[in-house]
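What follows is upload39.txt (compact mmCIF, C-alpha atoms).
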# COMPACT_ATOMS: atom_id res chain seq x y z
CA MET H 1 121.98 67.29 116.41
CA ALA H 2 119.64 67.54 113.43
CA SER H 3 117.30 70.46 113.45
CA SER H 4 113.54 69.92 113.44
CA LEU H 5 111.10 71.22 110.87
CA GLN H 6 110.04 74.04 113.17
CA ASP H 7 113.62 75.24 113.58
CA GLY H 8 114.05 75.35 109.83
CA PRO H 9 116.79 73.82 107.70
CA PRO H 10 120.39 74.32 108.79
CA ASN H 11 121.22 76.29 105.64
CA PRO H 12 120.46 79.97 106.39
CA SER H 13 119.78 80.70 102.75
CA PHE H 14 116.49 78.75 103.05
CA ALA H 15 115.30 80.57 106.17
CA ILE H 16 112.32 82.93 105.89
CA ARG H 17 113.09 86.23 107.56
CA GLY H 18 110.40 88.39 109.04
CA PRO H 19 106.73 87.53 109.44
CA LYS H 20 105.38 84.56 107.50
CA PRO H 21 103.65 85.69 104.30
CA ILE H 22 99.98 84.88 103.84
CA PHE H 23 99.06 83.61 100.39
CA PRO H 24 95.40 84.23 99.57
CA ARG H 25 93.59 81.35 97.84
CA SER H 26 91.93 82.03 94.54
CA VAL H 27 88.39 80.74 94.27
CA SER H 28 86.81 80.22 90.87
CA THR H 29 83.09 80.78 90.50
CA LYS H 30 82.93 79.02 87.15
CA GLU H 31 81.99 75.37 86.95
CA TRP H 32 84.50 73.08 85.33
CA THR H 33 83.48 71.81 81.94
CA ARG H 34 84.84 68.81 80.17
CA PRO H 35 86.95 69.70 77.15
CA ASP H 36 85.81 68.49 73.77
CA THR H 37 89.01 66.60 73.18
CA LEU H 38 90.83 64.32 75.55
CA CYS H 39 94.29 65.67 76.33
CA LEU H 40 96.98 63.05 76.41
CA PRO H 41 100.55 63.60 77.55
CA VAL H 42 102.90 64.27 74.66
CA PRO H 43 106.38 62.78 74.90
CA PRO H 44 109.21 65.32 74.84
CA ARG H 45 111.00 65.94 71.58
CA LEU H 46 114.61 64.89 71.39
CA SER H 47 117.41 66.63 69.62
CA ALA H 48 119.43 64.87 66.97
CA ASN H 49 122.33 64.28 69.36
CA ALA H 50 120.05 62.93 72.09
CA ALA H 51 118.24 60.66 69.67
CA ALA H 52 121.53 59.24 68.44
CA THR H 53 122.46 58.19 71.97
CA LEU H 54 119.31 56.05 72.37
CA SER H 55 119.87 52.33 72.28
CA LEU H 56 118.33 50.18 69.58
CA ASN H 57 115.87 48.61 72.03
CA GLU H 58 114.64 51.98 73.26
CA ARG H 59 114.28 53.33 69.75
CA ASP H 60 112.26 50.33 68.50
CA PHE H 61 110.00 50.13 71.56
CA HIS H 62 106.29 50.31 70.84
CA ALA H 63 103.56 50.45 73.45
CA PRO H 64 101.12 47.51 73.44
CA PRO H 65 97.89 48.14 71.58
CA ILE H 66 95.04 49.47 73.69
CA PRO H 67 91.70 47.68 73.18
CA PRO H 68 88.87 49.79 71.82
CA LEU H 69 87.01 51.22 74.76
CA SER H 70 83.32 51.90 75.15
CA PHE H 71 82.83 53.95 78.30
CA MET H 72 81.99 57.37 79.59
CA PRO H 73 84.90 59.41 81.00
CA GLU H 74 85.04 59.58 84.76
CA SER H 75 84.97 63.37 84.68
CA SER H 76 81.57 63.48 83.05
CA ASN H 77 80.17 60.25 84.54
CA LEU H 78 76.93 60.48 82.57
CA ASP H 79 76.05 61.87 79.20
CA GLY H 80 72.98 63.95 78.52
CA SER H 81 70.99 61.25 76.75
CA GLU H 82 71.31 58.65 79.51
CA ALA H 83 71.17 60.40 82.85
CA ILE H 84 70.35 58.53 86.02
CA GLU H 85 67.25 59.53 87.94
CA TYR H 86 68.51 57.72 91.01
CA TYR H 87 70.56 54.78 92.14
CA ARG H 88 70.42 54.00 95.81
CA CYS H 89 70.99 51.29 98.37
CA VAL H 90 67.68 50.03 99.76
CA ALA H 91 69.00 47.31 102.09
CA SER H 92 72.25 46.31 103.74
CA VAL H 93 72.56 43.14 105.82
CA LEU H 94 75.52 41.88 107.82
CA LYS H 95 75.48 38.38 109.30
CA LYS H 96 78.14 36.46 111.18
CA ASP H 97 78.82 34.26 108.19
CA GLY H 98 82.15 35.63 107.05
CA GLN H 99 82.81 36.57 103.45
CA ILE H 100 79.94 36.48 100.94
CA LEU H 101 81.15 34.29 98.09
CA CYS H 102 78.13 33.70 95.83
CA ILE H 103 74.59 34.88 95.10
CA ALA H 104 71.89 33.15 93.06
CA THR H 105 68.38 34.28 92.19
CA ALA H 106 65.27 32.21 91.53
CA PRO H 107 62.49 33.08 89.08
CA ASP H 108 60.00 33.31 91.95
CA GLY H 109 61.88 36.19 93.56
CA LEU H 110 63.96 34.30 96.13
CA VAL H 111 67.62 35.16 96.59
CA TYR H 112 70.19 32.65 97.88
CA THR H 113 73.50 33.75 99.40
CA GLY H 114 76.50 31.55 100.19
CA SER H 115 79.39 32.43 102.47
CA GLN H 116 82.28 30.97 104.43
CA SER H 117 79.90 29.41 106.95
CA ASN H 118 77.82 26.25 106.56
CA VAL H 119 74.61 28.24 106.05
CA ILE H 120 72.92 29.18 102.78
CA ARG H 121 70.47 31.97 103.53
CA VAL H 122 67.22 32.40 101.62
CA TRP H 123 65.83 35.91 101.16
CA LYS H 124 62.49 37.12 99.90
CA MET H 125 62.17 40.11 97.62
CA PRO H 126 61.31 42.94 97.44
CA ASP H 127 61.62 43.46 101.20
CA PHE H 128 64.81 41.36 101.40
CA VAL H 129 63.56 39.49 104.47
CA GLU H 130 65.25 36.25 105.48
CA LEU H 131 62.86 33.43 104.69
CA GLY H 132 64.91 30.39 105.70
CA GLN H 133 68.26 28.65 105.85
CA ILE H 134 69.95 25.61 104.35
CA LYS H 135 72.49 24.05 106.69
CA THR H 136 75.08 21.32 106.15
CA LYS H 137 78.14 20.03 107.93
CA ALA H 138 80.39 21.33 105.14
CA CYS H 139 81.51 24.96 105.12
CA VAL H 140 82.47 27.54 102.49
CA VAL H 141 79.86 27.73 99.73
CA VAL H 142 81.83 28.70 96.63
CA ALA H 143 79.11 28.53 93.93
CA LEU H 144 75.31 28.50 93.73
CA GLN H 145 72.83 27.73 90.97
CA VAL H 146 69.04 27.68 91.16
CA GLU H 147 67.06 26.11 88.34
CA ASN H 148 63.33 25.44 88.54
CA ASP H 149 62.77 23.44 91.72
CA LYS H 150 66.38 22.51 92.52
CA VAL H 151 69.24 24.28 94.30
CA PHE H 152 72.85 23.30 93.50
CA ALA H 153 75.64 24.37 95.85
CA ALA H 154 79.38 23.70 95.47
CA TYR H 155 81.50 23.58 98.61
CA ALA H 156 85.17 23.81 99.42
CA ASP H 157 85.34 20.02 99.88
CA CYS H 158 84.97 19.69 96.07
CA LYS H 159 81.45 18.26 96.38
CA ILE H 160 78.16 19.56 95.01
CA ARG H 161 75.01 19.22 97.11
CA VAL H 162 71.50 19.32 95.69
CA TRP H 163 68.22 20.31 97.34
CA GLN H 164 64.62 20.07 96.20
CA ARG H 165 62.54 23.22 96.66
CA ASN H 166 59.00 22.95 97.94
CA ARG H 167 56.82 26.06 98.16
CA GLU H 168 53.51 24.52 99.14
CA ASP H 169 53.85 25.33 102.86
CA GLY H 170 56.21 28.29 102.85
CA VAL H 171 59.66 27.38 101.58
CA ARG H 172 61.20 24.00 102.34
CA HIS H 173 64.43 22.52 101.02
CA VAL H 174 64.93 18.76 101.07
CA ARG H 175 68.37 17.32 100.42
CA ILE H 176 68.17 14.86 97.53
CA GLY H 177 71.76 14.08 96.69
CA THR H 178 75.48 14.79 96.67
CA ILE H 179 77.71 14.93 93.61
CA PRO H 180 79.66 12.73 93.20
CA THR H 181 77.64 9.99 94.86
CA ALA H 182 79.02 7.08 96.84
CA ALA H 183 78.26 4.81 93.89
CA ASN H 184 80.45 6.99 91.69
CA PHE H 185 83.37 6.54 94.09
CA PHE H 186 82.87 2.77 94.15
CA ARG H 187 82.71 2.45 90.38
CA SER H 188 85.76 4.68 89.93
CA TYR H 189 87.71 2.58 92.43
CA ILE H 190 86.80 -0.67 90.69
CA GLY H 191 87.10 0.52 87.10
CA GLY H 192 89.82 3.12 87.56
CA LYS H 193 87.88 5.70 85.57
CA ASP H 194 88.84 9.26 86.43
CA ARG H 195 85.60 10.62 85.00
CA MET H 196 83.68 9.20 87.95
CA MET H 197 85.78 10.98 90.54
CA LYS H 198 85.23 14.39 92.04
CA HIS H 199 87.33 17.40 91.13
CA LEU H 200 90.92 17.31 92.34
CA GLY H 201 90.79 21.04 93.09
CA PRO H 202 88.25 23.50 94.46
CA VAL H 203 85.11 24.02 92.38
CA SER H 204 84.95 27.57 91.05
CA CYS H 205 81.64 27.81 89.19
CA LEU H 206 78.45 25.96 88.20
CA ALA H 207 76.26 26.18 85.10
CA ILE H 208 73.10 24.32 84.12
CA ASN H 209 71.78 23.30 80.72
CA ILE H 210 68.25 22.42 81.74
CA ALA H 211 67.20 21.39 78.23
CA GLU H 212 69.84 18.65 78.15
CA ASP H 213 69.55 17.77 81.86
CA ILE H 214 73.25 18.61 82.38
CA LEU H 215 75.18 20.33 85.16
CA TYR H 216 78.63 21.78 84.41
CA SER H 217 81.23 22.38 87.10
CA SER H 218 84.55 24.17 86.62
CA SER H 219 87.52 23.76 88.91
CA PHE H 220 91.00 24.94 89.65
CA ASP H 221 92.20 21.50 88.52
CA LYS H 222 91.86 22.87 84.93
CA THR H 223 88.92 20.61 84.05
CA ILE H 224 85.21 20.87 83.36
CA LYS H 225 83.05 17.99 84.55
CA VAL H 226 79.72 17.19 82.94
CA TRP H 227 77.10 15.70 85.30
CA ARG H 228 73.77 14.15 84.39
CA ILE H 229 71.22 15.69 86.73
CA SER H 230 68.80 12.76 86.66
CA ASP H 231 71.20 10.31 88.34
CA PHE H 232 74.07 12.65 89.40
CA SER H 233 76.60 10.66 87.36
CA CYS H 234 79.65 12.11 85.62
CA VAL H 235 79.38 11.57 81.89
CA GLU H 236 82.44 13.51 80.72
CA THR H 237 85.58 15.25 81.92
CA ILE H 238 86.87 18.05 79.67
CA GLN H 239 90.54 19.04 79.84
CA ALA H 240 89.55 22.59 79.05
CA HIS H 241 92.49 24.91 79.87
CA THR H 242 96.14 24.93 80.79
CA GLU H 243 95.53 27.07 83.89
CA PRO H 244 92.87 27.08 86.66
CA ILE H 245 89.34 27.66 85.36
CA ASN H 246 87.44 30.46 87.06
CA VAL H 247 84.08 30.48 85.32
CA VAL H 248 81.78 28.43 83.13
CA THR H 249 78.49 29.48 81.53
CA VAL H 250 76.16 27.93 78.97
CA SER H 251 73.64 29.39 76.55
CA GLU H 252 70.16 28.09 75.88
CA ASP H 253 71.30 26.48 72.62
CA GLY H 254 73.88 24.40 74.48
CA VAL H 255 77.06 26.36 73.64
CA LEU H 256 79.54 26.22 76.54
CA TYR H 257 81.87 29.11 77.46
CA THR H 258 84.82 28.78 79.85
CA GLY H 259 87.23 31.39 81.21
CA SER H 260 90.60 30.72 82.76
CA ASP H 261 93.75 32.20 84.21
CA ASP H 262 95.46 31.40 80.89
CA ALA H 263 93.87 34.64 79.56
CA THR H 264 91.52 32.93 77.13
CA VAL H 265 87.82 32.29 76.72
CA ARG H 266 87.06 28.99 75.03
CA VAL H 267 83.84 28.06 73.27
CA TRP H 268 82.66 24.44 73.23
CA ARG H 269 79.85 22.68 71.37
CA ARG H 270 78.27 19.40 72.28
CA ASN H 271 78.41 16.62 69.71
CA PHE H 272 75.39 14.32 69.85
CA CYS H 273 77.27 11.15 69.14
CA SER H 274 78.57 8.18 71.08
CA GLY H 275 81.97 8.28 72.66
CA GLY H 276 83.80 9.68 75.66
CA ARG H 277 84.28 13.18 74.23
CA ALA H 278 80.89 14.77 73.69
CA HIS H 279 82.18 18.37 73.73
CA SER H 280 84.58 19.78 71.16
CA LEU H 281 86.46 23.07 71.13
CA THR H 282 85.27 25.45 68.41
CA VAL H 283 87.14 28.72 69.05
CA THR H 284 89.54 30.33 71.52
CA LEU H 285 89.11 34.02 72.30
CA PRO H 286 92.14 35.89 73.73
CA THR H 287 91.65 38.54 76.40
CA LYS H 288 94.70 40.77 75.96
CA TYR H 289 96.97 38.66 78.21
CA SER H 290 94.70 39.15 81.25
CA PRO H 291 93.23 36.24 83.28
CA VAL H 292 89.47 35.84 82.90
CA LYS H 293 87.63 35.94 86.23
CA THR H 294 83.97 35.98 85.19
CA LEU H 295 81.69 35.56 82.16
CA VAL H 296 78.07 36.40 81.45
CA LEU H 297 75.76 36.21 78.44
CA THR H 298 72.88 38.46 77.54
CA SER H 299 69.43 36.89 77.57
CA ASP H 300 69.50 36.36 73.80
CA ALA H 301 73.16 35.15 73.87
CA ALA H 302 74.04 37.88 71.36
CA ILE H 303 76.80 39.40 73.52
CA LEU H 304 79.37 37.68 75.73
CA TYR H 305 80.99 39.77 78.49
CA GLY H 306 84.20 38.77 80.22
CA GLY H 307 85.64 40.42 83.32
CA CYS H 308 89.41 40.29 83.62
CA SER H 309 92.04 40.97 86.24
CA ASP H 310 93.21 44.10 84.39
CA GLY H 311 89.97 45.90 85.30
CA TYR H 312 88.47 45.74 81.80
CA VAL H 313 85.18 44.14 80.81
CA HIS H 314 85.81 42.75 77.34
CA TYR H 315 82.86 41.81 75.17
CA TRP H 316 82.25 39.86 72.00
CA LEU H 317 79.35 40.25 69.57
CA LYS H 318 77.68 37.28 67.93
CA SER H 319 77.35 37.66 64.19
CA TRP H 320 73.76 37.21 63.01
CA PHE H 321 74.97 35.70 59.73
CA SER H 322 77.74 33.28 60.71
CA GLY H 323 77.06 32.93 64.42
CA GLN H 324 80.75 33.55 65.20
CA LEU H 325 81.89 35.79 68.04
CA GLN H 326 83.70 38.98 67.07
CA TYR H 327 85.57 41.21 69.49
CA GLY H 328 83.53 44.35 70.18
CA GLY H 329 85.66 46.29 72.65
CA ALA H 330 86.18 46.78 76.38
CA LEU H 331 84.45 48.70 79.14
CA ALA H 332 86.95 50.65 81.22
CA GLY H 333 86.39 52.16 84.62
CA HIS H 334 87.45 49.69 87.30
CA THR H 335 90.92 50.08 88.77
CA HIS H 336 91.23 46.48 90.00
CA ALA H 337 90.17 43.04 88.83
CA VAL H 338 86.57 42.51 87.75
CA MET H 339 85.32 39.61 89.89
CA CYS H 340 81.66 39.24 88.87
CA LEU H 341 79.19 40.17 86.13
CA SER H 342 75.45 40.11 85.63
CA THR H 343 73.03 41.28 82.95
CA VAL H 344 69.39 42.28 83.01
CA SER H 345 67.43 44.02 80.28
CA ASN H 346 69.84 46.56 78.72
CA PHE H 347 72.03 46.80 81.84
CA VAL H 348 75.39 45.17 82.52
CA VAL H 349 76.58 45.12 86.13
CA SER H 350 80.20 44.53 87.11
CA GLY H 351 81.67 44.04 90.58
CA SER H 352 85.34 44.62 91.24
CA ALA H 353 88.11 44.31 93.76
CA ASP H 354 88.22 48.12 93.84
CA LEU H 355 85.22 47.93 96.26
CA THR H 356 82.73 49.29 93.69
CA SER H 357 80.10 47.99 91.31
CA ARG H 358 79.41 49.68 88.00
CA VAL H 359 76.19 49.69 86.03
CA TRP H 360 76.58 49.97 82.27
CA SER H 361 73.76 50.80 79.90
CA ARG H 362 73.77 49.36 76.40
CA ARG H 363 72.07 51.45 73.74
CA VAL H 364 70.43 50.13 70.60
CA ASP H 365 73.46 51.12 68.52
CA GLY H 366 75.70 49.00 70.77
CA VAL H 367 77.41 51.87 72.60
CA HIS H 368 77.93 51.30 76.32
CA SER H 369 77.99 54.01 78.94
CA CYS H 370 78.55 53.85 82.69
CA VAL H 371 75.39 55.16 84.32
CA ALA H 372 76.08 54.37 87.99
CA VAL H 373 78.97 53.63 90.33
CA LEU H 374 77.72 51.83 93.46
CA ARG H 375 79.91 52.45 96.48
CA GLY H 376 79.51 51.34 100.07
CA HIS H 377 81.27 48.00 100.44
CA ARG H 378 84.46 47.92 102.48
CA GLY H 379 85.81 44.85 100.73
CA PRO H 380 86.07 43.53 97.17
CA VAL H 381 82.72 42.87 95.52
CA ARG H 382 82.78 39.11 95.03
CA CYS H 383 79.33 38.45 93.53
CA VAL H 384 76.48 40.36 91.94
CA ALA H 385 73.06 39.24 90.75
CA ALA H 386 70.13 40.96 89.08
CA VAL H 387 66.77 40.18 90.66
CA PRO H 388 64.27 39.15 87.98
CA VAL H 389 61.22 40.23 90.01
CA ARG H 390 60.62 43.98 89.85
CA LEU H 391 59.35 46.02 92.70
CA SER H 392 55.86 47.45 92.73
CA GLU H 393 56.88 50.91 91.62
CA GLU H 394 58.99 49.44 88.81
CA ILE H 395 56.27 47.41 87.12
CA GLY H 396 56.14 48.20 83.42
CA ASP H 397 59.39 50.17 83.49
CA GLU H 398 62.17 48.42 81.59
CA ASN H 399 64.67 51.07 82.65
CA CYS H 400 64.65 49.87 86.27
CA CYS H 401 66.56 47.03 87.84
CA THR H 402 67.19 45.66 91.33
CA LEU H 403 70.67 44.35 92.14
CA CYS H 404 72.17 42.29 94.95
CA THR H 405 75.89 42.58 95.68
CA GLY H 406 77.94 40.47 98.05
CA SER H 407 81.37 41.42 99.29
CA LEU H 408 84.27 39.94 101.17
CA ASP H 409 83.40 42.35 103.96
CA GLY H 410 80.48 40.03 104.80
CA VAL H 411 77.75 42.48 103.75
CA VAL H 412 74.94 41.86 101.27
CA LYS H 413 73.47 45.01 99.72
CA VAL H 414 70.40 45.57 97.59
CA TRP H 415 70.45 48.42 95.08
CA ARG H 416 67.78 50.01 92.94
CA VAL H 417 68.84 51.64 89.69
CA ARG H 418 66.65 53.57 87.32
CA ASN H 419 67.75 54.99 84.00
CA LYS H 420 65.23 57.50 82.69
CA GLY H 421 67.13 59.31 79.94
CA ILE H 422 66.26 62.73 81.37
CA GLN H 423 68.43 65.76 81.94
CA GLN H 424 68.95 65.36 85.66
CA ARG H 425 71.37 63.62 87.94
CA ASP H 426 71.27 62.69 91.60
CA GLY H 427 74.27 62.22 93.83
CA LEU H 428 75.67 58.88 94.79
CA GLU H 429 74.16 57.38 97.90
CA LYS H 430 76.13 55.14 100.23
CA CYS H 431 74.55 52.59 102.50

Hey, can you dump this file as structure tokens for me?
Amino acid sequence: MASSLQDGPPNPSFAIRGPKPIFPRSVSTKEWTRPDTLCLPVPPRLSANAAATLSLNERDFHAPPIPPLSFMPESSNLDGSEAIEYYRCVASVLKKDGQILCIATAPDGLVYTGSQSNVIRVWKMPDFVELGQIKTKACVVVALQVENDKVFAAYADCKIRVWQRNREDGVRHVRIGTIPTAANFFRSYIGGKDRMMKHLGPVSCLAINIAEDILYSSSFDKTIKVWRISDFSCVETIQAHTEPINVVTVSEDGVLYTGSDDATVRVWRRNFCSGGRAHSLTVTLPTKYSPVKTLVLTSDAAILYGGCSDGYVHYWLKSWFSGQLQYGGALAGHTHAVMCLSTVSNFVVSGSADLTSRVWSRRVDGVHSCVAVLRGHRGPVRCVAAVPVRLSEEIGDENCCTLCTGSLDGVVKVWRVRNKGIQQRDGLEKC
């Protein structure tokens, strides 16, 4: 019969004779300080005989190159020049809608949230009070876009539904169409044109070029469809990637960016000429062999950020002379895939499957630093959006921002972050 841990091991040489010794704990009264240099593990040195026994493959092995990083070490969290005055959760709402899959903000301060249910909830800022609902028979809202007076929502049935916003008497949403329309199906059946059909896979993302009256939709069927908003007709189908497409975004000058599981970001430009192919590929940006889950542009389209499944946020800088994108580095800090990104002012916000959101501050010299780690969700952070309307106490302060995060735990949280650049630091607040 095997002896238990209390009886001790069967070998008497390991038994402790006499009373059990008491080992006093040493307590240090000095605060730990970060060393000036980062200590990395040094591989052990091998003797000549040991080195000779190594195989050719082991001797010629080289570690993959590490992308240049632009982040603050986790031990220090914040540097002295960019300290956080506070970052706190001001609201947390849980509805019986299942997972929160998408968030969109309107210029007038309304926030739209989509989930696994058939309800799109409308919230009013800054109090984050529910103002109304948009209901349909279809369930699972996978993508949302709000532009001017229209709301575009993509559902799991591969269709996009459009509502007209009316704010004369409160907030009213009137359904004005479905993409693709019944006429599109009829014409595609008669003419056999695939460009009239809906996506063959789930829609993953939406983007709007309001100047050209165009709606872009990306899908897991590896295509990008171009829809004319005026009549909801499909004008082009782009065979964009070799793997499912996760994200699509467009700049104000009409440049289209797509990210895919094939670990590339592709840049497209629209050719104003007749023909079936109006968009042409201009450049392909690799992302270090990691699938691209999300993309976001700064307001001036000078920097493109891409969140990847390796936990890095890669970014590219637009050259002022040539207009070409050049790789700038990567923001490190997340331990799991980066699932969503948003930008506002000089802040970059990333949500991850590691249950956290990180707020990065971009200085004038281009250096990024992590100024806040927002914790509180019990599931992966699926979507994040920066609210364009500032709260009353934030008016005139460009170092403040209000964020909305949605998670697969079904909770929507509102955060307030302020970066004052003063020598003080508050603790992290959970909500």

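If you count all atoms listed in the file and ignore residues fewer than 6 places along the chain from Gln145 of chain H, what sits within 7 Å of it is Ala104, Val151, Phe152, Ala153, Leu206 and Ala207 of chain H.
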
**Report entry** Separation of atom CA of Cys400 of chain H from atom CA of Val367 of chain H, in Å and rounded to one decimal
**Finding:**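 These atoms are spaced 18.8 Å apart.
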
What's around Ile134 of chain H at 9 Å? Count only C-alpha atoms, leave out sequence neighbours fewer than 3 positions away in its own chain, and write the answer as a PDB file with C-alpha atoms, keeping the file's coordinate frame.
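selection.pdb, written as the output of this step:
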ATOM      1  CA  ASN H 118      77.820  26.250 106.560  1.00  0.00           C
ATOM      2  CA  VAL H 119      74.610  28.240 106.050  1.00  0.00           C
ATOM      3  CA  ILE H 120      72.920  29.180 102.780  1.00  0.00           C
ATOM      4  CA  ARG H 121      70.470  31.970 103.530  1.00  0.00           C
ATOM      5  CA  VAL H 122      67.220  32.400 101.620  1.00  0.00           C
ATOM      6  CA  TRP H 163      68.220  20.310  97.340  1.00  0.00           C
ATOM      7  CA  HIS H 173      64.430  22.520 101.020  1.00  0.00           C
TER       8      HIS H 173
END

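Point (64.8, 36.0, 98.6) has the following residues at most 8 Å away: Thr105, Gly109, Leu110, Val111, Tyr112, Val122, Trp123, Lys124, Met125, Pro126, Phe128, Val129, Glu130 and Leu131 of chain H (atoms considered: all atoms listed in the file).
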
Query - For atom CA of Gln326 of chain H and atom CA of Thr264 of chain H, the interatomic separation in Å (one decimal) - result: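 Taking atom CA of Gln326 of chain H as the start and atom CA of Thr264 of chain H as the end point, the length is 14.1 Å.
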
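Distance annotation: of H:Ile103, H:Val247, H:Val235, H:His199, the residue with the minimal separation from Asp213 of chain H is H:Val235; atom set is all atoms listed in the file.
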
Requested in this report: Could you jot down the atom CA of Tyr216 of chain H to atom CA of Leu285 of chain H separation for me, Å, one decimal place?
Outcome: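 Those two atoms sit 20.2 Å apart.
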
Query raised in the report: Using only C-alpha atoms, which residues sit within 7 Å of His314 of chain H once same-chain residues fewer than 6 positions away are excluded, as a list in words?
Result: Tyr305, Gly306, Gly307, Gly329, Ala330 and Leu331 of chain H

Query - Residue nearest Ala263 of chain H among H:Gln133, H:Ser280, H:Ser309, H:Ser299 (counting all atoms listed in the file) - result: H:Ser309

Report summary line: Lys413 of chain H proximity check over H:Lys159, H:Lys95, H:Lys137, H:Arg363, using all atoms listed in the file: winner is H:Lys95

**Report entry** Distance query Ala386 of chain H at most 10 Å, only C-alpha atoms, self and fewer than 6 positions along chain excluded, as a PyMOL selection string
**Finding:** chain H and resi 103-105+111+341-345+347-349+401-405+414-415

Query raised in the report: Which one of H:Thr223, H:Ser260, H:Gln164, H:Tyr87 sits closest to Arg418 of chain H if you count all atoms listed in the file?
Result: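 Once distances to Arg418 of chain H are computed over all atoms listed in the file, the minimum belongs to H:Tyr87.
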
Return as AutoDock Vina command-line options the centre and edge lengths, in Å with one decimal, of the box along x, y and z that encloses every atom of segment 196-201 of chain H in the file, padded by 6 Å per side.
--center_x 87.3 --center_y 15.1 --center_z 90.5 --size_x 19.2 --size_y 23.8 --size_z 17.1

Query raised in the report: For Leu408 of chain H, which residue out of H:Thr249, H:Ser115, H:Ser218, H:Thr356 is the nearest one, using all atoms listed in the file?
Result: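 Checking each of H:Thr249, H:Ser115, H:Ser218, H:Thr356 against Leu408 of chain H, counting all atoms listed in the file, the winner is H:Ser115.
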